[in-house]
Structure formats: C-alpha cells, structure tokens
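Novice: Got entry.txt for you, compact mmCIF, C-alpha atoms:
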# COMPACT_ATOMS: atom_id res chain seq x y z
CA ILE A 1 -2.16 11.26 42.98
CA ARG A 2 -5.90 11.68 43.38
CA ALA A 3 -8.16 11.78 40.36
CA ILE A 4 -11.62 10.90 39.23
CA VAL A 5 -11.85 7.47 37.62
CA SER A 6 -13.05 8.35 34.14
CA GLU A 7 -14.16 6.24 31.19
CA GLU A 8 -12.98 9.02 28.87
CA PRO A 9 -9.19 9.31 29.25
CA TRP A 10 -8.90 12.37 27.01
CA ARG A 11 -10.89 14.50 29.47
CA LEU A 12 -8.01 14.34 31.88
CA GLU A 13 -5.90 16.35 29.43
CA GLY A 14 -8.46 19.06 28.87
CA ARG A 15 -7.62 20.55 25.45
CA ARG A 16 -9.09 19.75 22.04
CA GLU A 17 -5.69 18.90 20.58
CA ARG A 18 -4.94 16.46 23.37
CA LYS A 19 -8.39 14.97 23.00
CA GLU A 20 -7.77 14.26 19.34
CA ARG A 21 -4.32 12.83 20.01
CA ALA A 22 -5.63 10.57 22.78
CA CYS A 23 -8.49 9.36 20.58
CA ARG A 24 -6.00 8.36 17.92
CA ARG A 25 -3.81 6.51 20.40
CA CYS A 26 -6.24 4.74 22.70
CA ARG A 27 -7.93 2.52 20.12
CA GLY A 28 -8.34 -0.82 21.76
CA GLY A 29 -6.71 0.48 24.94
CA CYS A 30 -8.02 1.15 28.37
CA LEU A 31 -5.65 3.38 30.29
CA ALA A 32 -6.27 6.90 31.48
CA VAL A 33 -2.82 8.51 31.63
CA VAL A 34 -1.75 12.02 32.56
CA SER A 35 1.71 13.61 32.55
CA VAL A 36 3.21 14.02 36.00
CA ARG A 37 3.85 17.73 36.40
CA GLY A 38 4.00 20.27 39.17
CA ARG A 39 5.96 20.33 42.39
CA GLY A 40 6.52 17.26 44.48
CA GLY A 41 5.77 14.95 41.59
CA MET A 42 2.08 15.84 41.60
CA PRO A 43 0.31 16.58 38.33
CA GLY A 44 -0.53 20.22 37.76
CA ARG A 45 -4.09 20.96 36.66
CA ARG A 46 -4.28 22.65 33.28
CA ARG A 47 -6.94 25.00 32.04
CA GLY A 48 -10.07 23.05 31.19
CA GLN A 49 -9.12 20.06 33.32
CA PRO A 50 -11.89 19.23 35.83
CA GLU A 51 -11.28 19.51 39.55
CA PRO A 52 -11.56 16.15 41.35
CA ALA A 53 -14.82 16.03 43.27
CA GLU A 54 -14.38 15.21 46.92
CA SER A 55 -17.26 12.75 46.85
CA GLY A 56 -16.25 11.07 43.59
CA PRO A 57 -14.40 7.75 43.33
CA ALA A 58 -10.63 8.13 43.46
CA LEU A 59 -7.60 5.99 42.81
CA VAL A 60 -4.27 6.67 44.50
CA LEU A 61 -1.09 5.29 42.94
CA SER A 62 2.60 6.16 43.12
CA PRO A 63 3.79 8.10 40.07
CA THR A 64 6.33 6.75 37.66
CA ARG A 65 9.03 9.04 36.31
CA ARG A 66 6.73 10.53 33.70
CA PHE A 67 3.25 9.15 34.06
CA ALA A 68 0.72 8.09 36.65
CA VAL A 69 -1.96 5.48 36.07
CA LEU A 70 -5.28 7.12 36.87
CA ALA A 71 -7.80 4.51 35.79
CA VAL A 72 -8.42 1.33 33.94
CA ALA A 73 -11.47 2.22 31.88
CA ALA A 74 -13.32 1.02 28.82
CA PRO A 75 -11.87 2.09 25.46
CA THR A 76 -13.76 5.00 23.94
CA CYS A 77 -12.68 5.16 20.29
CA CYS A 78 -13.37 1.67 19.02
CA ARG A 79 -14.19 -1.79 20.27
CA PRO A 80 -11.80 -4.48 19.00
CA LEU A 81 -14.06 -7.09 20.59
CA ASP A 82 -16.72 -6.18 18.03
CA LEU A 83 -14.31 -7.45 15.39
CA VAL A 84 -13.93 -10.90 16.99
CA PRO A 85 -17.29 -12.38 15.79
CA VAL A 86 -16.52 -11.12 12.28
CA LEU A 87 -13.10 -12.79 12.31
CA ARG A 88 -14.64 -16.05 13.48
CA SER A 89 -17.39 -16.06 10.87
CA GLN A 90 -15.62 -14.97 7.70
CA PRO A 91 -12.18 -15.78 6.25
CA LEU A 92 -9.43 -13.20 5.94
CA PRO A 93 -7.75 -12.46 2.60
CA GLU A 94 -5.20 -15.17 1.80
CA ASP A 95 -2.44 -12.69 0.97
CA PRO A 96 -0.64 -11.58 4.18
CA THR A 97 -0.32 -7.98 2.98
CA GLU A 98 -4.00 -7.75 2.11
CA ALA A 99 -5.00 -9.39 5.40
CA ALA A 100 -2.84 -6.93 7.36
CA SER A 101 -4.40 -4.03 5.45
CA TRP A 102 -7.90 -5.35 6.21
CA MET A 103 -7.07 -5.52 9.92
CA SER A 104 -5.45 -2.07 9.86
CA GLN A 105 -8.59 -0.48 8.45
CA ARG A 106 -10.80 -2.01 11.12
CA LEU A 107 -8.54 -1.36 14.10
CA GLY A 108 -7.52 2.12 12.99
CA GLN A 109 -3.84 1.29 13.50
CA ARG A 110 -1.23 -0.20 11.23
CA VAL A 111 -1.09 -3.98 11.53
CA THR A 112 1.58 -6.28 10.13
CA CYS A 113 1.33 -10.01 9.37
CA ASP A 114 4.72 -11.56 10.15
CA LEU A 115 6.18 -15.06 10.23
CA VAL A 116 6.44 -16.43 13.75
CA ASN A 117 7.73 -19.75 12.34
CA ARG A 118 7.87 -21.43 8.93
CA ARG A 119 4.23 -22.51 9.15
CA TRP A 120 2.32 -19.68 10.78
CA ARG A 121 2.02 -15.91 10.58
CA LEU A 122 1.19 -13.55 13.42
CA PHE A 123 -0.81 -10.31 13.37
CA GLN A 124 0.71 -7.51 15.47
CA LEU A 125 0.51 -3.75 15.71
CA LYS A 126 3.31 -1.91 13.92
CA LYS A 127 3.72 0.45 16.89
CA GLY A 128 2.36 -1.83 19.59
CA HIS A 129 3.65 -4.85 21.48
CA ARG A 130 5.54 -7.19 19.13
CA PHE A 131 6.93 -10.66 19.69
CA SER A 132 10.56 -10.86 20.75
CA ASN A 133 13.40 -13.11 21.91
CA ASP A 134 11.78 -13.34 25.35
CA ASP A 135 8.80 -15.14 23.82
CA LEU A 136 10.97 -17.56 21.84
CA PHE A 137 13.15 -18.34 24.87
CA THR A 138 10.04 -19.25 26.86
CA ALA A 139 8.62 -21.48 24.12
CA TRP A 140 12.00 -23.16 23.61
CA ARG A 141 12.52 -24.19 27.22
CA ALA A 142 8.84 -25.04 27.73
CA ALA A 143 8.66 -27.44 24.77
CA LEU A 144 11.96 -29.07 25.75
CA ALA A 145 10.69 -29.54 29.30
CA HIS A 146 7.59 -31.46 28.15
CA PRO A 147 7.82 -32.41 24.44
CA SER A 148 4.97 -34.92 24.73
CA ALA A 149 2.48 -32.38 26.13
CA THR A 150 -0.94 -32.37 24.45
CA ARG A 151 -2.84 -29.84 26.58
CA LEU A 152 -1.20 -26.40 26.60
CA LEU A 153 -2.20 -23.20 28.43
CA ASP A 154 -0.68 -19.76 27.86
CA LEU A 155 -1.38 -17.20 30.61
CA GLY A 156 -1.56 -13.56 29.52
CA CYS A 157 -1.03 -14.80 25.98
CA GLY A 158 -1.10 -11.35 24.32
CA ILE A 159 -0.93 -11.72 20.54
CA GLY A 160 -0.15 -15.43 20.90
CA SER A 161 3.59 -15.54 20.20
CA VAL A 162 4.57 -17.68 23.21
CA GLY A 163 1.68 -20.12 22.98
CA LEU A 164 1.88 -20.62 19.22
CA SER A 165 5.67 -21.01 19.28
CA THR A 166 5.32 -23.62 22.02
CA LEU A 167 2.60 -25.45 20.09
CA PHE A 168 4.85 -25.46 17.01
CA LYS A 169 7.84 -26.84 18.93
CA VAL A 170 5.83 -29.53 20.72
CA GLY A 171 5.11 -30.78 17.24
CA SER A 172 2.19 -33.10 17.98
CA PRO A 173 -0.70 -32.58 15.52
CA THR A 174 -3.15 -33.48 18.30
CA ALA A 175 -1.84 -30.93 20.83
CA THR A 176 -4.26 -28.14 21.74
CA LEU A 177 -3.73 -24.69 23.23
CA VAL A 178 -5.83 -22.35 25.39
CA GLY A 179 -4.75 -18.72 25.60
CA ILE A 180 -6.07 -16.17 28.11
CA GLU A 181 -5.70 -12.45 27.37
CA ALA A 182 -7.33 -9.38 28.96
CA GLN A 183 -6.49 -6.71 26.39
CA GLU A 184 -9.13 -6.31 23.72
CA ALA A 185 -6.73 -5.33 20.93
CA SER A 186 -4.41 -8.27 21.59
CA HIS A 187 -7.35 -10.68 21.78
CA ALA A 188 -8.65 -9.44 18.42
CA LEU A 189 -5.20 -9.80 16.83
CA LEU A 190 -4.86 -13.35 18.18
CA THR A 191 -8.31 -14.23 16.82
CA ALA A 192 -7.20 -12.95 13.41
CA THR A 193 -4.02 -15.04 13.63
CA LEU A 194 -5.99 -18.20 14.39
CA SER A 195 -8.37 -17.53 11.50
CA PHE A 196 -5.58 -16.77 9.02
CA ASN A 197 -3.57 -19.91 9.90
CA GLY A 198 -6.55 -22.26 10.18
CA LEU A 199 -5.87 -22.93 13.86
CA ALA A 200 -9.33 -22.25 15.30
CA GLY A 201 -9.85 -26.00 15.80
CA ARG A 202 -6.69 -26.41 17.89
CA VAL A 203 -6.41 -23.11 19.72
CA THR A 204 -9.01 -21.50 21.99
CA ALA A 205 -8.61 -17.77 22.66
CA LEU A 206 -10.32 -16.58 25.84
CA HIS A 207 -10.82 -12.91 26.66
CA GLY A 208 -10.43 -12.27 30.38
CA ASP A 209 -8.09 -11.84 33.34
CA LEU A 210 -5.70 -14.73 34.01
CA ARG A 211 -6.46 -14.36 37.73
CA ASP A 212 -10.13 -15.22 37.09
CA LEU A 213 -10.26 -18.99 37.64
CA SER A 214 -13.84 -19.17 36.37
CA LEU A 215 -12.74 -18.63 32.74
CA ILE A 216 -11.94 -22.34 32.45
CA ARG A 217 -13.83 -25.27 33.91
CA ALA A 218 -12.76 -25.97 37.49
CA GLU A 219 -11.64 -29.53 36.71
CA GLU A 220 -9.55 -28.58 33.65
CA ARG A 221 -5.81 -29.23 34.02
CA PHE A 222 -2.89 -28.78 31.59
CA ASP A 223 0.34 -30.66 30.86
CA LEU A 224 2.31 -27.57 29.91
CA ILE A 225 1.68 -23.96 30.97
CA THR A 226 3.58 -20.90 29.78
CA GLY A 227 3.61 -17.25 30.80
CA SER A 228 5.50 -14.04 30.22
CA PRO A 229 4.59 -11.73 33.13
CA PRO A 230 5.21 -7.98 32.90
CA TYR A 231 8.57 -7.18 34.43
CA LEU A 232 8.01 -3.93 36.34
CA PRO A 233 5.76 -2.77 39.22
CA CYS A 234 3.58 0.27 38.56
CA ASP A 235 5.89 2.64 40.44
CA SER A 236 9.20 1.58 38.90
CA GLY A 237 8.93 2.20 35.17
CA VAL A 238 7.79 4.63 32.51
CA LEU A 239 4.26 3.88 31.38
CA SER A 240 3.94 3.82 27.60
CA ASN A 241 1.23 5.96 26.03
CA MET A 242 0.35 2.90 23.93
CA PRO A 243 -1.96 0.91 26.24
CA GLN A 244 -1.11 -2.42 24.65
CA LYS A 245 2.60 -1.86 25.29
CA ALA A 246 2.01 -0.52 28.80
CA ALA A 247 0.22 -3.62 30.09
CA CYS A 248 2.89 -5.92 28.65
CA ARG A 249 5.68 -4.13 30.52
CA ILE A 250 4.06 -2.78 33.70
CA GLU A 251 2.15 -4.90 36.24
CA LEU A 252 -1.30 -3.44 35.62
CA ARG A 253 -3.16 -6.77 35.74
CA GLY A 254 -1.19 -9.02 38.03
CA ASP A 255 2.45 -9.83 38.64
CA VAL A 256 4.68 -12.90 38.63
CA TYR A 257 3.03 -14.14 41.85
CA ASP A 258 -0.37 -14.14 40.14
CA TYR A 259 1.00 -16.03 37.15
CA CYS A 260 2.54 -18.67 39.42
CA SER A 261 -0.62 -18.95 41.50
CA THR A 262 -2.86 -19.60 38.49
CA ALA A 263 -0.30 -21.97 36.95
CA ARG A 264 -0.08 -23.98 40.17
CA TYR A 265 -3.85 -24.34 40.27
CA ARG A 266 -4.05 -25.45 36.62
CA LEU A 267 -1.07 -27.81 36.45
CA ALA A 268 -1.82 -31.47 35.84
CA PRO A 269 0.17 -34.13 37.76
CA ASN A 270 3.75 -34.14 36.40
CA GLY A 271 2.94 -31.03 34.39
CA ARG A 272 5.40 -28.20 33.74
CA PHE A 273 5.16 -24.42 34.02
CA CYS A 274 7.68 -22.24 32.15
CA PHE A 275 7.89 -18.46 32.35
CA VAL A 276 10.29 -15.62 31.61
CA MET A 277 11.19 -12.90 34.09
CA LEU A 278 13.97 -10.50 35.07
CA ALA A 279 17.05 -12.46 36.13
CA GLN A 280 18.04 -10.07 38.92
CA ASP A 281 14.57 -9.71 40.46
CA PRO A 282 14.30 -11.68 43.74
CA ARG A 283 10.58 -12.14 43.12
CA THR A 284 11.33 -14.41 40.14
CA GLU A 285 12.24 -17.44 42.26
CA ASP A 286 10.30 -16.39 45.35
CA ALA A 287 7.00 -16.51 43.45
CA VAL A 288 7.66 -20.17 42.63
CA ARG A 289 8.39 -21.13 46.23
CA VAL A 290 5.44 -19.18 47.65
CA ASN A 291 3.08 -21.10 45.38
CA HIS A 292 4.43 -24.52 46.38
CA MET A 293 6.30 -25.32 43.21
CA THR A 294 9.89 -26.47 42.63
CA ILE A 295 12.32 -25.03 40.10
CA LEU A 296 13.56 -27.77 37.77
CA GLU A 297 15.60 -25.58 35.44
CA ARG A 298 16.86 -22.01 35.24
CA TRP A 299 18.27 -20.58 32.01
CA ASP A 300 19.93 -17.14 32.06
CA TYR A 301 20.30 -14.84 29.04
CA THR A 302 23.09 -12.26 28.85
CA PHE A 303 22.88 -9.62 26.16
CA LYS A 304 26.57 -8.70 26.11
CA PRO A 305 29.81 -10.04 27.67
CA GLY A 306 30.69 -8.50 31.02
CA ARG A 307 27.08 -7.80 31.97
CA LYS A 308 24.86 -9.66 34.38
CA PRO A 309 22.08 -11.80 32.90
CA HIS A 310 19.11 -9.61 32.08
CA ILE A 311 16.29 -12.15 31.83
CA CYS A 312 15.84 -15.81 32.68
CA THR A 313 13.41 -18.64 32.03
CA LEU A 314 12.33 -21.00 34.79
CA VAL A 315 10.78 -24.44 34.38
CA CYS A 316 8.76 -25.49 37.42
CA ALA A 317 6.66 -28.39 38.68
CA ARG A 318 4.39 -29.02 41.63
CA GLU A 319 6.28 -29.78 44.85
CA GLU A 320 4.64 -33.19 45.22
CA ASP A 321 5.86 -34.24 41.77
CA VAL A 322 9.56 -33.62 42.48
CA ALA A 323 11.95 -35.67 44.62
CA PRO A 324 13.19 -33.80 47.73
CA ASP A 325 16.85 -34.18 46.73
CA PHE A 326 16.39 -32.95 43.16
CA GLU A 327 19.06 -30.57 41.91
CA PRO A 328 17.88 -27.95 39.38
CA VAL A 329 19.60 -27.65 36.03
CA HIS A 330 21.30 -24.36 35.13
CA GLY A 331 22.09 -23.06 31.66
CA SER A 332 22.92 -19.80 29.90
CA MET A 333 23.04 -18.13 26.51
CA LEU A 334 25.08 -15.14 25.32
CA ILE A 335 23.10 -13.05 22.83
CA ARG A 336 25.79 -10.71 21.44
CA ASP A 337 29.58 -10.86 21.35
CA GLU A 338 32.13 -8.15 22.20
CA ALA A 339 31.62 -6.50 18.80
CA GLY A 340 27.88 -6.27 19.37
CA ASP A 341 27.04 -8.93 16.76
CA PHE A 342 24.69 -11.82 17.44
CA THR A 343 26.54 -14.97 18.52
CA GLU A 344 26.43 -18.14 16.44
CA GLU A 345 24.69 -19.83 19.37
CA HIS A 346 21.89 -17.30 19.14
CA PHE A 347 21.63 -17.59 15.35
CA ALA A 348 21.36 -21.39 15.63
CA PHE A 349 18.64 -21.02 18.26
CA LYS A 350 16.61 -18.62 16.09
CA ARG A 351 16.91 -20.85 13.03
CA HIS A 352 15.76 -23.89 14.99
CA MET A 353 12.80 -22.05 16.53
CA MET A 354 11.63 -20.65 13.21
CA GLU A 355 12.19 -23.64 10.95
CA VAL A 356 12.08 -26.94 12.86
CA CYS A 357 8.75 -28.31 14.05
CA GLY A 358 9.38 -30.29 17.23
CA PHE A 359 12.80 -31.38 18.48
CA LEU A 360 13.11 -34.70 16.67
CA SER A 361 13.00 -33.30 13.09
Translate the structure of the given file into structure tokens.
Specialist:
Amino acid sequence: IRAIVSEEPWRLEGRRERKERACRRCRGGCLAVVSVRGRGGMPGRRRGQPEPAESGPALVLSPTRRFAVLAVAAPTCCRPLDLVPVLRSQPLPEDPTEAASWMSQRLGQRVTCDLVNRRWRLFQLKKGHRFSNDDLFTAWRAALAHPSATRLLDLGCGIGSVGLSTLFKVGSPTATLVGIEAQEASHALLTATLSFNGLAGRVTALHGDLRDLSLIRAEERFDLITGSPPYLPCDSGVLSNMPQKAACRIELRGDVYDYCSTARYRLAPNGRFCFVMLAQDPRTEDAVRVNHMTILERWDYTFKPGRKPHICTLVCAREEDVAPDFEPVHGSMLIRDEAGDFTEEHFAFKRHMMEVCGFLS
C-alpha cells in the first residue's frame, strides 16, 4: 500500500462527512487510517482522494483485514499535551464526577474517573483504552517478585494502571515510579490521575518513546520494571479507528523485543522485570533470551476450562544475577468456570488487588 504520509488523516478519506467523522475521532491520536478496499487487498481511490505523487514520501505496510496504517502523524484536532501544564499547575475538582466532566470538556471525549484500588482513582476514556485484568496480573506478579523495591519503572505506561497498581502493592511509602508513554492522550490522562490523587511527588510521567534511552539519565537504574507490550504485529490484527486503542493492541511503536531490550538496559543488579504477553506466542520467551535475561517465573491465565492459556506474565532477571541451575517457577489461574462465571480464585485475586496495600497487610 503506497500513500503520501500526511499530517491530516481526514484528507485520505476525501469527503466532507468523513472529514468531520475523523476530526471527532482523532482527538489526541496520531494515526492516518484508510479502509482497505479494491481488488487484491489494495485500497480503492474514492472521488476527491488525492493521487499519490511519485516524488512524495511513501510508506509501504502490509494491510490488516480491514485497515492499513498509512502514517504516524501529529494530531490535528486538539493537543492533549497543551493540557499537561494546566494539570500540573492547578488542582482538579475534588469530586470524581466533576473532575471527569472537566477532563471531558477539554479533551473533547467522554472521560471517566474510576477506582483502580481503594486509595486511588484513574482517568480513562469511556471509549478508549481502559485498564483490565492484564494490567492487574502484571502488577500482582511484579510486586510479589520484588516487594521491597523502591525504584519502579513502567514502560509504555499508558494511563498508568500497571505502574500505579504495582506501586500500591509494593506498599512502601518511599517507593517512587517513573512512567514512559508516547501517546499524548494517555500521557494527559495519567497527568490528571497524578494530580487528582496527590501523587505528583512520587510518580514522574515522561512523554516519549520507550525505545529512546535518552529520556532518563544514562546512569539511572530501577529495582522493578513492568511492561504490557501490544500483542499483535501490524499485519495480523484489525486496527481500531480509536488511535489510543490501536497503539495498545498493535505494535505501532515497538514490540516485546523492544520492551525487553530497554528493561535489560535499565535493570539494577538483582532487579526484576515483569511483563504480560500472549501465552502461545513464541516471541514471548524468545525476547527474554535474546536480551540476555533469565525467566524466573511464568504464570499462565486461562479464560475458560478446556482452552489453552491466552496470556501469561513473565518475571525475569539479568543472566548474571541468576544461578545457572535455577529452575523457573510455573503457575496458573483459571478466570471463568464451565458455567462462564468468574472463579472464586479470580474473585479473591481482584479483592486483594483492589483493597490490600502491600502483601503483608
């Protein structure tokens, strides 16, 4: 698929109605997306759609079943980053509903303010990426792997659900967290979360690509690192028309190898790296080995009896910190029973993650 790289995604659709729809949907986003139509999987050009210039810059990518990624461009409808200085300089309304309404008006999308645990609330888009079991599983195993950690790093932190849940479960009042996120909308939501919960002194939100090692001082190292990489390559999934969702599911800014590479570089001696990934994907464990780390623990999660595990969490350490004869620990959790109801094991896990600060309470 050959197309001009454009900073105005709506122009690729060509009609006024599509322009208006795209402008409503791309707030805070940065993807130029076009429906894959025409023979051979190539997009057909509609009336009003510009012809690609032969001399212009082009980007060639394999199409997904419905969409093709044409460009990663600057958002055109609003700039969530402009909201960040405001959030850092003035307090949000104390009432969660009023605070969510304030954020909704400024982002142009409905925002909710939801409990992520008994202490803290999280701002998230109503129709965007929202925190899930995957995030809680990662925080659970990470905090158990290193409960005494005081320096935490969350790669691709999104709206902050993994990092904040880990910080809550570690339990130490002196523990600090650094979160790196590339998406403007998610970074703005995380900034609002820190302001609302009074966490600006303990949590540092950085806007940038996790692969950019210059975002943090070269000598900085962390006791505990977490990550939740997107699960699917660009050519193996349907790209959401909500940019925030798309980048969380599809590997638009790095894959599990990139997460492991950055984690390996930033791990302190005897530190731990925990991430969640597809259980049946061979890259999940290969990325650890390629980056000279050792798997200490693997926990598989099965959504229904009779099925293979869908996702897993891995806890890893640097090769030099692990004995050569070490045997990794394996565990599992069943999410739903034969009737489709949540298991008691899962209910107990959720209650503990939401209500208990640390693991000694």
Novice: Could you build a table of the residues in region 198-274 of chain A lying no more than 9 Å from region 134-145 of chain A, giving for each the nearest pair of atoms and their separation in Å rounded to one decimal place, using all atoms listed in the file, ordered by chain and ascending residue number, as a tab-separated table?
Specialist:
residue	atom	partner	partner_atom	distance
A:Leu224	CA	A:Ala142	CA	7.3
A:Ile225	CA	A:Ala142	CA	7.9
A:Thr226	CA	A:Ala142	CA	7.0
A:Gly227	CA	A:Thr138	CA	7.8
A:Ser228	CA	A:Asp135	CA	7.3
A:Arg272	CA	A:Ala145	CA	7.0
A:Phe273	CA	A:Ala142	CA	7.3
A:Cys274	CA	A:Ala142	CA	5.4
Novice: Which residues are close to Asp255 (chain A), i.e. within 10 Å by all atoms listed in the file, leaving aside same-chain residues fewer than 6 positions away? Reply as a PDB file with C-alpha atoms, in the frame of the given file.
Specialist:
ATOM      1  CA  SER A 228       5.500 -14.040  30.220  1.00  0.00           C
ATOM      2  CA  PRO A 229       4.590 -11.730  33.130  1.00  0.00           C
ATOM      3  CA  PRO A 230       5.210  -7.980  32.900  1.00  0.00           C
ATOM      4  CA  TYR A 231       8.570  -7.180  34.430  1.00  0.00           C
ATOM      5  CA  LEU A 232       8.010  -3.930  36.340  1.00  0.00           C
ATOM      6  CA  PRO A 233       5.760  -2.770  39.220  1.00  0.00           C
ATOM      7  CA  ARG A 283      10.580 -12.140  43.120  1.00  0.00           C
ATOM      8  CA  ALA A 287       7.000 -16.510  43.450  1.00  0.00           C
TER       9      ALA A 287
END
Novice: What separation in Å, quoted to one decimal, exists between CA of His146 (chain A) and CA of Phe347 (chain A)?
Specialist: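 Those two atoms sit 23.5 Å apart.
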Novice: Go through A:Asn133, A:Ser161, A:Gln109, A:Glu220 one by one, measure the shortest atom-to-atom distance of each to Phe349 (chain A) using all atoms listed in the file, and give the residue with the smallest value.
Specialist: A:Asn133
Novice: What does the structure give for the distance between CA of Val315 (chain A) and CA of Gly201 (chain A), in Å to one decimal?
Specialist: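 Spanning CA of Val315 (chain A) to CA of Gly201 (chain A) is a straight-line distance of 27.8 Å.
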Novice: For Leu122 (chain A), find every residue with an atom within 9 Å (counting only C-alpha atoms), except residues of its own chain fewer than 4 positions away, and show them as JSON, numbers by chain.
Specialist: {"A": [112, 113, 114, 115, 116, 131, 159, 160, 161, 189, 190, 192, 193, 194, 196, 197]}
Novice: Just how far from CA of Tyr257 (chain A) is CA of His292 (chain A), in Å to one decimal?
Specialist: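 CA of Tyr257 (chain A) lies at a distance of 11.4 Å from CA of His292 (chain A).
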Novice: Mind checking which residues fall within 10 Å of region 247-249 of chain A, counting all atoms listed in the file, ignoring those fewer than 3 positions away in the same chain, and posting them as a VMD selection string?
Specialist: chain A and resid 29 to 31 128 to 130 156 158 182 to 183 228 to 234 237 to 240 242 to 244 252 to 254
